[in-house]
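Visitor: This one is my_file-v9.txt, compact mmCIF, C-alpha atoms and all ligand atoms.
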```
# COMPACT_ATOMS: atom_id res chain seq x y z
CA MET O 28 65.83 -22.35 72.02
CA THR O 29 65.16 -22.95 75.68
CA ASP O 30 61.57 -22.54 76.82
CA PRO O 31 61.48 -19.50 79.20
CA ARG O 32 59.04 -21.32 81.47
CA GLU O 33 61.50 -24.20 81.80
CA GLU O 34 64.25 -21.71 82.63
CA LEU O 35 62.12 -20.10 85.32
CA GLY O 36 61.18 -23.51 86.67
CA ALA O 37 64.87 -24.42 86.92
CA ILE O 38 65.58 -21.19 88.79
CA ALA O 39 62.75 -21.95 91.20
CA ARG O 40 64.07 -25.45 91.84
CA GLU O 41 67.54 -24.05 92.46
CA ALA O 42 66.11 -21.50 94.86
CA ARG O 43 64.29 -24.21 96.79
CA THR O 44 67.50 -26.26 96.95
CA MET O 45 69.35 -23.24 98.36
CA LEU O 46 66.64 -22.71 100.91
CA GLU O 47 66.76 -26.33 102.03
CA ARG O 48 70.57 -26.08 102.32
CA GLU O 49 70.22 -23.01 104.58
CA ARG O 50 67.58 -24.80 106.66
CA VAL O 51 69.90 -27.78 107.15
CA ARG O 52 72.65 -25.35 108.24
CA GLY O 53 70.36 -24.17 111.00
CA ARG O 54 69.10 -20.90 109.50
CA GLU O 55 65.53 -21.78 110.27
CA ARG O 56 64.39 -18.20 110.08
CA VAL O 57 65.21 -17.78 106.40
CA THR O 58 61.79 -17.92 104.80
CA PHE O 59 60.67 -18.64 101.31
CA ASP O 60 57.99 -16.07 100.76
CA ALA O 61 56.67 -17.04 97.34
CA ASP O 62 53.10 -15.90 98.00
CA SER O 63 53.96 -12.29 98.58
CA ALA O 64 56.61 -12.10 95.89
CA LYS O 65 55.96 -9.88 92.92
CA ALA O 66 58.12 -9.40 89.88
CA SER O 67 58.91 -5.75 90.37
CA GLU O 68 58.92 -5.55 94.15
CA VAL O 69 61.88 -5.90 96.43
CA PRO O 70 60.52 -6.10 99.96
CA PRO O 71 61.84 -3.49 102.36
CA ARG O 72 65.11 -4.57 103.84
CA PRO O 73 64.98 -5.36 107.57
CA PRO O 74 67.21 -3.09 109.66
CA GLY O 75 70.78 -4.27 109.89
CA ILE O 76 70.65 -6.57 106.86
CA ALA O 77 73.04 -5.80 104.03
CA PRO O 78 71.57 -5.46 100.54
CA ALA O 79 73.33 -8.61 99.34
CA ALA O 80 71.37 -10.64 101.89
CA ALA O 81 68.15 -10.18 99.91
CA LEU O 82 68.24 -12.45 96.87
CA VAL O 83 65.77 -11.50 94.17
CA LEU O 84 65.09 -13.76 91.23
CA PRO O 85 63.75 -11.36 88.60
CA GLY O 86 60.29 -12.06 87.41
CA PHE O 87 59.61 -15.08 89.49
CA GLU O 88 60.14 -15.66 93.20
CA THR O 89 61.82 -13.83 95.96
CA LEU O 90 64.05 -15.24 98.67
CA VAL O 91 64.08 -12.84 101.55
CA PRO O 92 65.93 -13.38 104.79
CA GLN O 93 63.17 -11.74 106.75
CA SER O 94 64.95 -12.00 109.99
CA LEU O 95 68.65 -12.58 110.26
CA PRO O 96 70.40 -12.62 113.63
CA THR O 97 71.02 -9.16 115.02
CA PHE O 98 73.71 -8.29 117.53
CA GLY O 99 72.91 -8.07 121.21
CA PRO O 100 69.90 -9.37 123.12
CA PRO O 101 66.40 -8.21 122.24
CA PRO O 102 65.13 -5.27 124.32
CA SER O 103 63.09 -7.62 126.53
CA GLN O 104 66.32 -9.22 127.74
CA LEU O 105 68.17 -5.99 128.49
CA LEU O 106 68.58 -4.96 132.09
CA ALA O 107 65.71 -2.73 133.16
CA THR O 108 64.58 -1.42 136.51
CA ARG O 109 61.93 -3.53 138.18
CA ASP O 110 58.63 -2.06 139.26
CA ASP O 111 58.49 -4.23 142.37
CA LEU O 112 61.68 -2.78 143.88
CA PRO O 113 62.69 0.77 144.89
CA ASP O 114 64.10 2.90 142.13
CA ASP O 115 66.87 4.46 144.21
CA LEU O 116 69.85 2.70 145.74
CA GLY O 117 69.38 4.07 149.27
CA THR O 118 65.83 2.81 149.59
CA LEU O 119 66.83 -0.48 148.00
CA ALA O 120 69.64 -0.89 150.56
CA ARG O 121 67.16 -0.29 153.39
CA MET O 122 64.82 -2.88 151.93
CA VAL O 123 67.67 -5.40 151.74
CA SER O 124 68.64 -4.69 155.35
CA GLU O 125 65.19 -5.92 156.40
CA CYS O 126 64.96 -8.80 153.92
CA ARG O 127 63.93 -12.21 155.21
CA LYS O 128 63.29 -13.93 151.90
CA CYS O 129 65.73 -16.77 152.49
CA GLY O 130 67.15 -18.62 155.46
CA LEU O 131 70.41 -16.65 155.47
CA CYS O 132 68.62 -13.87 157.35
CA GLU O 133 68.68 -16.12 160.41
CA THR O 134 72.47 -16.27 160.67
CA ARG O 135 73.64 -12.91 159.32
CA THR O 136 75.02 -10.13 161.49
CA ASN O 137 74.56 -7.47 158.82
CA THR O 138 73.37 -7.42 155.28
CA VAL O 139 76.10 -6.35 152.85
CA PHE O 140 74.67 -4.17 150.11
CA ALA O 141 77.60 -2.49 148.35
CA ASP O 142 80.54 -0.13 148.52
CA GLY O 143 81.91 2.42 146.09
CA SER O 144 80.51 5.03 143.78
CA ALA O 145 76.93 5.11 142.52
CA ARG O 146 78.37 6.75 139.38
CA ALA O 147 80.86 3.93 138.75
CA ARG O 148 81.26 2.65 135.23
CA LEU O 149 82.84 -0.59 136.45
CA VAL O 150 81.13 -2.98 138.88
CA PHE O 151 82.88 -5.86 140.64
CA ILE O 152 80.52 -8.64 141.70
CA GLY O 153 81.56 -11.32 144.16
CA GLU O 154 79.74 -14.35 145.45
CA ALA O 155 78.63 -13.46 148.99
CA PRO O 156 79.88 -11.76 152.14
CA GLY O 157 82.45 -13.52 154.29
CA ARG O 158 83.03 -13.21 158.03
CA ASP O 159 84.68 -9.77 157.96
CA GLU O 160 82.06 -8.44 155.57
CA ASP O 161 79.22 -9.82 157.69
CA LEU O 162 80.63 -8.10 160.76
CA LYS O 163 81.21 -4.74 159.08
CA GLY O 164 78.32 -4.70 156.62
CA LEU O 165 80.67 -3.87 153.73
CA PRO O 166 81.87 -6.04 150.84
CA PHE O 167 85.48 -7.10 150.38
CA VAL O 168 86.99 -5.70 153.56
CA GLY O 169 89.07 -8.68 154.73
CA ARG O 170 92.32 -9.96 153.24
CA ALA O 171 90.59 -10.72 149.96
CA GLY O 172 89.28 -7.17 149.98
CA GLN O 173 92.77 -5.79 150.43
CA LEU O 174 93.90 -7.80 147.42
CA LEU O 175 90.91 -6.55 145.42
CA ASP O 176 91.96 -2.99 146.27
CA LYS O 177 95.40 -3.76 144.82
CA MET O 178 93.81 -5.27 141.72
CA ILE O 179 91.74 -2.11 141.27
CA THR O 180 94.81 0.08 141.70
CA ALA O 181 96.66 -2.04 139.14
CA ILE O 182 94.19 -0.95 136.48
CA ASP O 183 94.60 2.72 137.40
CA LEU O 184 91.41 3.06 139.41
CA LYS O 185 90.57 3.63 143.06
CA ARG O 186 88.15 1.65 145.18
CA GLU O 187 85.93 4.72 145.52
CA GLU O 188 85.70 5.00 141.73
CA VAL O 189 84.19 1.54 141.21
CA TYR O 190 81.15 -0.21 142.68
CA ILE O 191 81.60 -3.43 144.63
CA CYS O 192 78.83 -5.83 145.59
CA ASN O 193 77.90 -9.50 145.78
CA VAL O 194 75.28 -11.79 144.34
CA LEU O 195 74.10 -12.58 147.87
CA LYS O 196 73.60 -9.87 150.44
CA CYS O 197 73.88 -12.15 153.49
CA ARG O 198 76.71 -14.45 154.54
CA PRO O 199 76.20 -18.18 154.05
CA PRO O 200 77.25 -20.04 157.24
CA GLU O 201 80.90 -21.12 157.19
CA ASN O 202 81.23 -19.34 153.83
CA ARG O 203 79.63 -22.27 152.05
CA THR O 204 78.70 -21.96 148.39
CA PRO O 205 75.32 -20.24 148.00
CA ALA O 206 72.41 -22.57 147.35
CA PRO O 207 70.50 -22.11 144.08
CA ASP O 208 67.32 -20.98 145.87
CA GLU O 209 69.28 -18.37 147.83
CA VAL O 210 70.70 -17.01 144.60
CA GLU O 211 67.27 -16.97 143.03
CA GLN O 212 65.77 -15.07 145.97
CA CYS O 213 68.57 -12.51 146.16
CA LEU O 214 69.41 -11.93 142.49
CA PRO O 215 66.60 -9.39 141.90
CA TYR O 216 68.34 -6.99 144.31
CA LEU O 217 71.55 -7.18 142.29
CA GLU O 218 69.64 -6.76 139.04
CA GLN O 219 67.98 -3.64 140.42
CA GLN O 220 71.33 -2.29 141.58
CA LEU O 221 72.79 -2.78 138.11
CA ALA O 222 69.74 -1.37 136.36
CA LEU O 223 70.01 1.78 138.48
CA LEU O 224 73.78 2.08 138.08
CA LYS O 225 73.83 1.43 134.33
CA PRO O 226 77.53 0.50 134.37
CA ALA O 227 79.66 0.10 131.26
CA LEU O 228 81.27 -3.12 132.41
CA LEU O 229 80.90 -5.92 134.95
CA CYS O 230 83.73 -7.99 136.39
CA ALA O 231 82.50 -11.17 138.07
CA LEU O 232 84.82 -12.40 140.82
CA GLY O 233 84.88 -16.15 141.26
CA LEU O 234 83.13 -19.11 139.70
CA SER O 235 80.02 -18.94 141.85
CA ALA O 236 79.30 -15.32 140.85
CA VAL O 237 79.98 -16.04 137.17
CA GLN O 238 77.75 -19.11 137.19
CA ALA O 239 74.93 -17.27 138.95
CA LEU O 240 75.03 -14.36 136.50
CA LEU O 241 75.51 -16.34 133.30
CA LYS O 242 73.34 -19.24 134.44
CA THR O 243 75.94 -21.79 133.49
CA LYS O 244 77.68 -24.72 135.10
CA ALA O 245 80.84 -24.27 133.05
CA SER O 246 84.23 -24.28 134.77
CA MET O 247 86.32 -21.20 135.45
CA THR O 248 88.96 -22.58 133.12
CA SER O 249 86.52 -22.45 130.24
CA LEU O 250 84.96 -19.13 131.24
CA ARG O 251 87.88 -16.84 132.03
CA GLY O 252 89.85 -15.11 129.31
CA ARG O 253 86.59 -14.23 127.52
CA THR O 254 84.04 -11.43 127.56
CA PHE O 255 80.38 -12.36 128.01
CA GLU O 256 77.23 -10.31 128.17
CA TYR O 257 74.85 -9.97 131.08
CA LYS O 258 71.58 -8.43 129.92
CA GLY O 259 73.31 -6.09 127.52
CA ILE O 260 76.32 -5.29 129.72
CA PRO O 261 79.74 -6.82 128.96
CA LEU O 262 80.87 -9.18 131.69
CA ILE O 263 84.44 -10.37 132.24
CA PRO O 264 85.00 -13.28 134.64
CA THR O 265 88.08 -13.65 136.75
CA TYR O 266 89.20 -15.40 139.92
CA HIS O 267 87.93 -14.37 143.32
CA PRO O 268 90.70 -12.61 145.28
CA ALA O 269 90.35 -15.28 147.99
CA ALA O 270 91.27 -17.91 145.39
CA LEU O 271 94.33 -15.86 144.46
CA LEU O 272 95.37 -15.78 148.12
CA ARG O 273 95.02 -19.56 148.31
CA ASN O 274 96.74 -20.14 144.99
CA PRO O 275 99.13 -17.32 143.99
CA GLY O 276 99.94 -19.24 140.80
CA LEU O 277 96.63 -17.94 139.40
CA LYS O 278 97.74 -14.32 139.63
CA ARG O 279 99.22 -14.26 136.13
CA GLU O 280 95.88 -15.22 134.59
CA ALA O 281 94.09 -12.80 136.88
CA TRP O 282 96.35 -10.02 135.65
CA GLU O 283 95.47 -10.92 132.07
CA ASP O 284 91.80 -10.66 133.00
CA LEU O 285 92.34 -7.31 134.67
CA GLN O 286 94.07 -5.99 131.58
CA ARG O 287 91.03 -7.09 129.60
CA VAL O 288 88.83 -5.24 132.12
CA ARG O 289 90.96 -2.10 131.86
CA ASP O 290 91.06 -2.12 128.05
CA THR O 291 87.35 -2.91 127.67
CA LEU O 292 86.41 -0.17 130.11
CA ARG O 293 88.59 2.36 128.30
CA ALA O 294 87.09 1.40 124.97
CA ARG O 295 83.53 1.66 126.28
CA THR O 296 83.98 4.93 128.10
CA ALA O 297 86.12 6.71 125.48
CA SER O 298 84.21 9.68 124.13
S1 LIG A 1 70.54 -13.44 151.14
FE1 LIG A 1 69.31 -11.98 149.95
S2 LIG A 1 67.30 -12.96 149.78
FE2 LIG A 1 68.39 -14.00 151.46
S3 LIG A 1 67.75 -12.90 153.31
FE3 LIG A 1 69.67 -11.97 152.58
S4 LIG A 1 69.02 -10.24 151.33
FE4 LIG A 1 67.24 -11.59 151.57
```
Represent the structure contained in this file as structure tokens.
Ligand code: SF4

Guide:
Amino acid sequence: MTDPREELGAIAREARTMLERERVRGRERVTFDADSAKASEVPPRPPGIAPAAALVLPGFETLVPQSLPTFGPPPSQLLATRDDLPDDLGTLARMVSECRKCGLCETRTNTVFADGSARARLVFIGEAPGRDEDLKGLPFVGRAGQLLDKMITAIDLKREEVYICNVLKCRPPENRTPAPDEVEQCLPYLEQQLALLKPALLCALGLSAVQALLKTKASMTSLRGRTFEYKGIPLIPTYHPAALLRNPGLKREAWEDLQRVRDTLRARTAS
């Protein structure tokens, strides 16, 4: 007859082998909590973990995934209003209009804060103002803006029902790509806008905006056609309307992205 202690020893060895296998697979946070294990106790299950995830070896040791990945970012990474900026959009816009944090203040005509509804569920975010926007103080008002209006209409919305803004609030000279330090200086304004708006969905227009928001250097080819998350808010990248004007061949993919925007928005706002 097999010695029970040998049987238990074999179970323990098997458990350790399983643990090592999980560690090699990258599940570093699966812990082997032999010290606290007791024969009759099953530790409380962490929220969101299915019962089968807790493996109990009766009478000996307990393998408990104490912390398995949960969905979504932790609360500290969710978008929250900042204490160092105004907590209403009007005051924030006035602060931006006087901002001199980066060199773009020297060459701007107007700051460009936003356009659209403060109750919008969908926010379009471009890279930076262009010449027309700089002159008028409004985002997306030139030819690219007219195309954006058509894109918005194509998903059964009106310009006044969405919110439109840019990562940068001042025009870079000659419409050059924003420098990283300019993005870093200006991004808190956008974050505060979004935290106050609490939109259901973001649509980033153009590679520069997507890269600034997602902090990536990936190409548009690899980014579009997918849904990302920006501080707890779904984010769908697509081409900047100006790129569609330069290269109409991209419109088919842009329409696919817009359909994704429309469907995601409907799903997130359905009651
Ligand atoms: S681009 Fe942004 S950070 Fe730079 S001056 Fe304009 S508002 Fe300020």

Visitor: Work out where the centre of an axis-aligned box around every listed atom of region 131-137 of chain O lies and how long its edges are once 8 Å is added on each side; give both in Å to one decimal as AutoDock Vina command-line options.

Guide:
```
--center_x 71.8 --center_y -12.1 --center_z 158.5 --size_x 22.4 --size_y 25.2 --size_z 22.0
```

Visitor: Taking 4 positions as the minimum chain separation for residues in the same chain, which residues sit within 9 Å of Ile152 (chain O) when counting all atoms listed in the file? Answer as JSON, numbers by chain.

Guide: {"O": [190, 191, 192, 193, 194, 229, 230, 231, 232, 233, 236, 237]}

Visitor: Throw together the list of residues within 7 Å of ligand LIG 1 (chain A), counting all atoms listed in the file, and drop it here as a PyMOL selection string.

Guide: chain O and resi 123-124+126-132+138+195-197+209+212-213

Visitor: Produce a table with one row for each residue of region 112-188 of chain O that has an atom at most 10 Å from any atom of region 220-227 of chain O, each row naming the nearest atom pair and its distance in Å at one decimal; use all atoms listed in the file; arrange rows by chain and rising residue number; format as CSV.

Guide:
```
residue,atom,partner,partner_atom,distance
O:Leu112,CA,O:Gln220,CA,9.9
O:Pro113,CA,O:Gln220,CA,9.7
O:Asp114,CA,O:Leu223,CA,7.0
O:Asp115,CA,O:Leu223,CA,7.1
O:Leu116,CA,O:Gln220,CA,6.7
O:Leu119,CA,O:Gln220,CA,8.0
O:Ala120,CA,O:Gln220,CA,9.2
O:Phe140,CA,O:Gln220,CA,9.4
O:Ala141,CA,O:Gln220,CA,9.2
O:Ser144,CA,O:Leu224,CA,9.3
O:Ala145,CA,O:Leu224,CA,6.2
O:Arg146,CA,O:Leu224,CA,6.7
O:Ala147,CA,O:Pro226,CA,6.5
O:Arg148,CA,O:Pro226,CA,4.4
O:Leu149,CA,O:Pro226,CA,5.8
O:Val150,CA,O:Pro226,CA,6.7
```

Visitor: Which polymer residues have any atom within 9 Å of an atom of Arg135 (chain O), counting all atoms listed in the file, with same-chain residues fewer than 5 positions away left out, as a list in words?

Guide: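 Listed by chain and then number, they are Asp161, Leu162, Cys197, Arg198, Pro199 and Pro200 of chain O.
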
Visitor: Figure out the distance between CA of Arg289 (chain O) and CA of Leu214 (chain O), please, to one decimal in Å.

Guide: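 Rounded to one decimal, the two atoms are 26.0 Å apart.
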
Visitor: Could you list, as a list in words, every residue within 12 Å of Thr248 (chain O), counting only C-alpha atoms and ignoring same-chain residues fewer than 6 positions away?

Guide: Gly233, Leu234, Val237, Pro264, Thr265, Tyr266, Leu277, Glu280 and Ala281 of chain O

Visitor: Which residue is closest to Gln219 (chain O)? Choose from O:Thr108, O:Gln173, O:Thr118, O:Ser246 and count all atoms listed in the file.

Guide: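 Closest to Gln219 (chain O), using all atoms listed in the file: O:Thr108.
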
Visitor: Using all atoms listed in the file, pick whichever of O:Pro268, O:Gly172, O:Pro275, O:Pro261 has the shortest atom-to-atom distance to Leu228 (chain O).

Guide: O:Pro261

Visitor: Need to verify the contact set: Arg170 (chain O), 10 Å, only C-alpha atoms, exclusion of same-chain residues closer than 5 positions in sequence. Can you return it as a ChimeraX atom specification?

Guide: /O:159,175-176,268-269,272

Visitor: Would you put the residues from that selection into a file with C-alpha atoms, as a PDB file, in the frame of the given file?

Guide:
```
ATOM      1  CA  ASP O 159      84.680  -9.770 157.960  1.00  0.00           C
ATOM      2  CA  LEU O 175      90.910  -6.550 145.420  1.00  0.00           C
ATOM      3  CA  ASP O 176      91.960  -2.990 146.270  1.00  0.00           C
ATOM      4  CA  PRO O 268      90.700 -12.610 145.280  1.00  0.00           C
ATOM      5  CA  ALA O 269      90.350 -15.280 147.990  1.00  0.00           C
ATOM      6  CA  LEU O 272      95.370 -15.780 148.120  1.00  0.00           C
TER       7      LEU O 272
END
```

Visitor: How many Å lie between CA of Pro156 (chain O) and CA of Asn202 (chain O), rounded to one decimal?

Guide: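 That distance, rounded to one decimal, is 7.9 Å.
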
Visitor: Choose the residue, out of O:Arg273, O:Ala294, O:Lys278, O:Leu105, that has the smallest atom-to-atom separation from Ala171 (chain O); count only C-alpha atoms.

Guide: O:Arg273

Visitor: Report, in Å to a single decimal, how far apart CA of Ala206 (chain O) and CA of Gly164 (chain O) are.

Guide: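 Computed distance, CA of Gly164 (chain O) to CA of Ala206 (chain O), equals 21.0 Å.
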